[in-house]
Amino acid sequence: MINKLVFANLRHRPVRTALSVLAIGVEVTMMLTLVGLSEGMLEDSSRRARGVGADVLVRAPGTSLIGMSSASMNEKLIGFFAKQPHVRAVTGTVVYPIGGVNTITGIDLDEFNRISGGFRYIEGGPFRRPDDMIVDEYYARQNNIQLGSTVKLLDRNWHICGIAEPGKLARLVIPRRTLQELTSTTGKLSSIFLKLDNPAKTNQVVAGLKRLLPDYPIYSMEELTSLYSVNNVPGLRAFIGVIVGLSIVVGFLVVFLSMYTAVLERTREIGILKSLGASPAYILNMIFRETVLLAVVGTIFGILLTYGSRWAIETLVPASLIQKIVPGWWPIAGAISVFGALLGAMYPAWKAARQDAIEALAYE
Amino acid sequence: MSNDIVIRVHGLRKIYRVGDVDVQALRGADLVVSRGEFLAIVGPSGSGKSTLFHILGGLTPPTSGSVFIHGKDLLAMSEADRTELRKTEVGFVFQKYNLLPTLSAEDNIAIARDIAGKGAVEDQKFREMLELLGISRRLHHKPRALSGGEQQRVAIARAIVNGPSILLADEPTGNLDTENSKVVLGLLRDLNERLGQTILMITHNPEAAAYADRIVQMRDGRVVADTPGGSD
């Protein structure tokens, strides 16, 4: 019966109910979208790194796997690695930030093709000129780029010579030599990829290289995949924590306002319930059930909204942002929204439970 | 005979604090009510009728004096005890019906059962009572779709659904026209005669008071007259 009363109360004020659900939904979407973006973009980076087809990745000393680092490794290391046992092919890349989370990558196409088997072109083909640029399908779609069109980046115009399938190394690729000249890093590299003659010997090769170059971060691709996680991105976990905290505050305020006005509005009804013998626990139970229902419906709505935000991101900025749907976070987001909502309902519920029955019955 | 006494009030006082002023609502009221009696309590505004009801119904504690309901001392009762009293021993009928607007008539009755920790009512006696009250065909309507007379009959059904020993009706016909007033008063009379329901009814209307067995007159927080009613 109490559930019937809770549903009836929520139906009685549809606009307030809808606004509360919407606000809780936005709070949940905020959390899930942030987590989905973090995981989606890390997963995309990992997928593109694995898409190179290499078995080992070498980074410059003092750099982290995630995050942009300047090109600081000597290009001559390519020759050094090529002479190591079991190394079949080597390629070096230069990565340079171009704003936001976007980067441009310089490659030696012949080296790169030996390791990766080359790009799969949707349109066009490889570099023919120093100012040629290959972009992936997502970047082309997001920026409305056609084959043969000109793109201005790093204060110069680039000719789009190829549009490739996504998933290999980077979204924007130009000749390595050109990028090195433009960024004053001639002879320097950001990363070096190694292809082995026998992938089963990867760990053995990595161990051997670490002995030879103890200051260099050297990863097998398996290790690299596991390192692409939220925990390894400096500050990301703290940032998610801040968003979760803000979500709790939003949930608290929304439900506080909603339930506070509901309790004021229902003063007389609470008096009626008390005259019928309703205990403070009964009143608290009623208000907390209403709150939990709002939070649960809001959470479901928020989960549905994340599909909407993913669609919007995929449609509008497929190259810049990748959002993953993270079902593992649904119960966490639900628990956070219920917690925030219950926190917000506490004072109104207490006020209702303590209400004087005679005064409440006299309330107009 | 003493076993038949359901309410015994002696020297009852109630002082309210309004701002910085103490208001003496009851100044030593005395009253004894036996099982199955139908009492009308009359008196001018401010005579203490409603305060007496609120104390008997456990909505507020007395300041001093003694109030026993079925031998239980209200002065010694905690808030939780008085809540229990409202659940089991007392049913209220108000002038303004006080139905929950979001629930149907049936659910307004059912919520009283729920609060008392009882399940849905399916027994024959309850069905007969609904027939008696004339609301069995209006149970699925919300209060706003019912007339004043129908709402008050639903409120009576809600008040007696848990079988309270005392029904407190505070101006039950105050918002009704003459015809509906007669219907409601007739129903209260029927409930008293057929089911032996003890009823205390506050009224300003002498015609309504005439339905009772006894008419208790209050003035200045005291009972000043206790005379037989017109029902015999």
# chains A, B, ... in the order shown; residues from 1 in each chain; ligands from 1

call {"tool": "select_by_dssp", "arguments": {"residues": "region 90-213 of chain B", "states": "alpha helix (DSSP H)", "output": "ChimeraX atom specification"}}
result
/B:105-115,124-133,148-160,178-195,206-209

call {"tool": "interface_residues", "arguments": {"of": "chain A", "to": "chain B", "cutoff": "6 Å", "atoms": "only C-alpha atoms", "output": "list in words"}}
result
Ala8, Gly277 and Ala278 of chain A

call {"tool": "write_last_selection", "arguments": {"atoms": "C-alpha atoms", "output": "compact mmCIF listing (two decimals), in the first residue's frame"}}
result
# COMPACT_ATOMS: atom_id res chain seq x y z
CA ALA A 8 0.46 8.26 -6.52
CA GLY A 277 -1.54 6.24 13.48
CA ALA A 278 1.41 6.54 11.09

call {"tool": "closest_residue", "arguments": {"among": "A:Met221, A:Met286, A:Val101, A:Leu276", "to": "Asn162 (chain B)", "atoms": "only C-alpha atoms"}}
result
A:Leu276

call {"tool": "residues_around", "arguments": {"residues": "region 203-216 of chain A", "least_positions_apart": "4", "cutoff": "12 Å", "atoms": "only C-alpha atoms", "output": "count of residues only"}}
result
37

call {"tool": "closest_residue", "arguments": {"among": "A:Gly36, A:Ala164, A:Leu179, A:Val249", "to": "Gly328 (chain A)", "atoms": "only C-alpha atoms"}}
result
A:Gly36

call {"tool": "residues_around", "arguments": {"residues": "Gly28 (chain B)", "least_positions_apart": "2", "cutoff": "6 Å", "atoms": "only C-alpha atoms", "output": "compact mmCIF listing (two decimals) with N, CA and C atoms, in the first residue's frame"}}
result
# COMPACT_ATOMS: atom_id res chain seq x y z
N GLY B 11 -10.27 16.07 35.95
CA GLY B 11 -9.40 17.24 36.21
C GLY B 11 -8.43 17.53 35.08
N LEU B 12 -8.86 17.32 33.85
CA LEU B 12 -7.95 17.42 32.70
C LEU B 12 -7.61 18.88 32.37
N ARG B 13 -6.33 19.13 32.29
CA ARG B 13 -5.85 20.47 31.94
C ARG B 13 -4.92 20.37 30.73
N ARG B 222 -14.14 23.49 30.53
CA ARG B 222 -14.72 22.54 31.50
C ARG B 222 -16.04 22.00 30.95

call {"tool": "residues_around", "arguments": {"residues": "region 134-144 of chain A", "least_positions_apart": "4", "cutoff": "7 Å", "atoms": "only C-alpha atoms", "output": "list in words"}}
result
Ile160, Cys161, Gly162, Ile163, Ala164, Glu165, Pro166, Arg171, Leu172, Val173, Ile174, Leu316, Val317, Pro318 and Ala319 of chain A

call {"tool": "select_by_dssp", "arguments": {"residues": "region 127-329 of chain A", "states": "strand (DSSP E or B)", "output": "PyMOL selection string"}}
result
chain A and resi 132-136+150-153+156-164+172-175+188-189+191-196+218-220

call {"tool": "write_last_selection", "arguments": {"atoms": "N, CA and C atoms", "output": "compact mmCIF listing (two decimals), in the first residue's frame"}}
result
# COMPACT_ATOMS: atom_id res chain seq x y z
N ASP A 132 52.42 15.88 -48.18
CA ASP A 132 51.26 14.98 -48.23
C ASP A 132 50.85 14.56 -46.83
N MET A 133 49.56 14.32 -46.69
CA MET A 133 49.05 13.87 -45.38
C MET A 133 48.03 12.76 -45.60
N ILE A 134 48.14 11.72 -44.74
CA ILE A 134 47.12 10.66 -44.74
C ILE A 134 46.28 10.86 -43.48
N VAL A 135 44.96 10.83 -43.64
CA VAL A 135 44.09 10.94 -42.46
C VAL A 135 43.22 9.69 -42.41
N ASP A 136 42.73 9.39 -41.21
CA ASP A 136 41.83 8.24 -41.15
C ASP A 136 40.40 8.69 -41.42
N THR A 150 42.93 20.54 -49.18
CA THR A 150 44.06 21.10 -48.45
C THR A 150 43.66 21.35 -47.01
N VAL A 151 44.55 20.99 -46.10
CA VAL A 151 44.29 21.18 -44.66
C VAL A 151 45.41 22.03 -44.10
N LYS A 152 45.03 23.05 -43.30
CA LYS A 152 46.07 23.89 -42.71
C LYS A 152 46.31 23.46 -41.27
N LEU A 153 47.55 23.05 -41.03
CA LEU A 153 47.95 22.62 -39.69
C LEU A 153 49.40 23.02 -39.47
N ARG A 156 50.95 25.53 -41.90
CA ARG A 156 51.23 25.27 -43.32
C ARG A 156 50.13 24.40 -43.91
N ASN A 157 50.07 24.42 -45.22
CA ASN A 157 49.01 23.67 -45.91
C ASN A 157 49.50 22.27 -46.23
N TRP A 158 48.56 21.32 -46.05
CA TRP A 158 48.87 19.91 -46.32
C TRP A 158 47.91 19.40 -47.39
N HIS A 159 48.43 18.55 -48.23
CA HIS A 159 47.62 17.98 -49.29
C HIS A 159 47.18 16.58 -48.85
N ILE A 160 45.90 16.35 -48.87
CA ILE A 160 45.40 15.04 -48.44
C ILE A 160 45.60 14.05 -49.59
N CYS A 161 46.52 13.11 -49.34
CA CYS A 161 46.82 12.15 -50.41
C CYS A 161 46.11 10.81 -50.19
N GLY A 162 45.63 10.58 -48.96
CA GLY A 162 44.97 9.30 -48.72
C GLY A 162 44.04 9.38 -47.52
N ILE A 163 42.94 8.65 -47.63
CA ILE A 163 42.04 8.49 -46.48
C ILE A 163 42.04 7.00 -46.15
N ALA A 164 42.50 6.68 -44.93
CA ALA A 164 42.71 5.27 -44.58
C ALA A 164 41.69 4.79 -43.55
N LEU A 172 46.23 11.29 -38.03
CA LEU A 172 46.87 12.17 -39.02
C LEU A 172 48.33 11.75 -39.16
N VAL A 173 48.72 11.44 -40.35
CA VAL A 173 50.09 10.97 -40.55
C VAL A 173 50.74 11.77 -41.69
N ILE A 174 51.97 12.20 -41.44
CA ILE A 174 52.73 12.93 -42.48
C ILE A 174 54.13 12.32 -42.54
N PRO A 175 54.91 12.66 -43.55
CA PRO A 175 56.28 12.13 -43.62
C PRO A 175 57.09 12.57 -42.39
N LYS A 188 65.48 13.05 -34.36
CA LYS A 188 64.92 12.60 -33.08
C LYS A 188 63.60 11.85 -33.30
N LEU A 189 63.27 10.95 -32.34
CA LEU A 189 62.04 10.16 -32.44
C LEU A 189 61.29 10.18 -31.10
N SER A 191 58.81 7.51 -30.51
CA SER A 191 58.62 6.08 -30.20
C SER A 191 59.31 5.24 -31.27
N ILE A 192 59.69 4.03 -30.84
CA ILE A 192 60.25 3.09 -31.81
C ILE A 192 59.50 1.76 -31.66
N PHE A 193 59.03 1.26 -32.80
CA PHE A 193 58.30 -0.02 -32.81
C PHE A 193 59.20 -1.11 -33.40
N LEU A 194 59.19 -2.27 -32.76
CA LEU A 194 59.99 -3.40 -33.26
C LEU A 194 59.07 -4.56 -33.63
N LYS A 195 59.38 -5.16 -34.78
CA LYS A 195 58.66 -6.38 -35.18
C LYS A 195 59.65 -7.52 -35.05
N LEU A 196 59.26 -8.60 -34.39
CA LEU A 196 60.18 -9.72 -34.16
C LEU A 196 59.93 -10.84 -35.16
N ILE A 218 60.62 0.08 -22.09
CA ILE A 218 60.45 -0.85 -23.21
C ILE A 218 59.30 -1.80 -22.85
N TYR A 219 58.31 -1.85 -23.72
CA TYR A 219 57.11 -2.63 -23.41
C TYR A 219 56.85 -3.66 -24.50
N SER A 220 56.34 -4.83 -24.06
CA SER A 220 55.75 -5.74 -25.04
C SER A 220 54.35 -5.19 -25.33

call {"tool": "residues_around", "arguments": {"residues": "Gly46 (chain B)", "least_positions_apart": "4", "cutoff": "9 Å", "atoms": "only C-alpha atoms", "output": "MDAnalysis selection string"}}
result
chainID B and resid 25 50 219:221

call {"tool": "residues_around", "arguments": {"residues": "Leu304 (chain A)", "least_positions_apart": "6", "cutoff": "10 Å", "atoms": "only C-alpha atoms", "output": "PyMOL selection string"}}
result
chain A and resi 25+28-29+298

call {"tool": "atom_distance", "arguments": {"atom1": "CA of Arg354 (chain A)", "atom2": "CA of Pro62 (chain B)"}}
result
18.8 Å

call {"tool": "closest_residue", "arguments": {"among": "A:Asp110, A:Asn102, A:Val52, A:Leu32", "to": "Thr299 (chain A)", "atoms": "only C-alpha atoms"}}
result
A:Leu32

call {"tool": "closest_residue", "arguments": {"among": "A:Thr103, A:Ser116, A:Asn285, A:Ser275", "to": "Leu5 (chain A)", "atoms": "only C-alpha atoms"}}
result
A:Asn285

call {"tool": "atom_distance", "arguments": {"atom1": "CA of Leu39 (chain B)", "atom2": "CA of Arg17 (chain B)"}}
result
29.4 Å
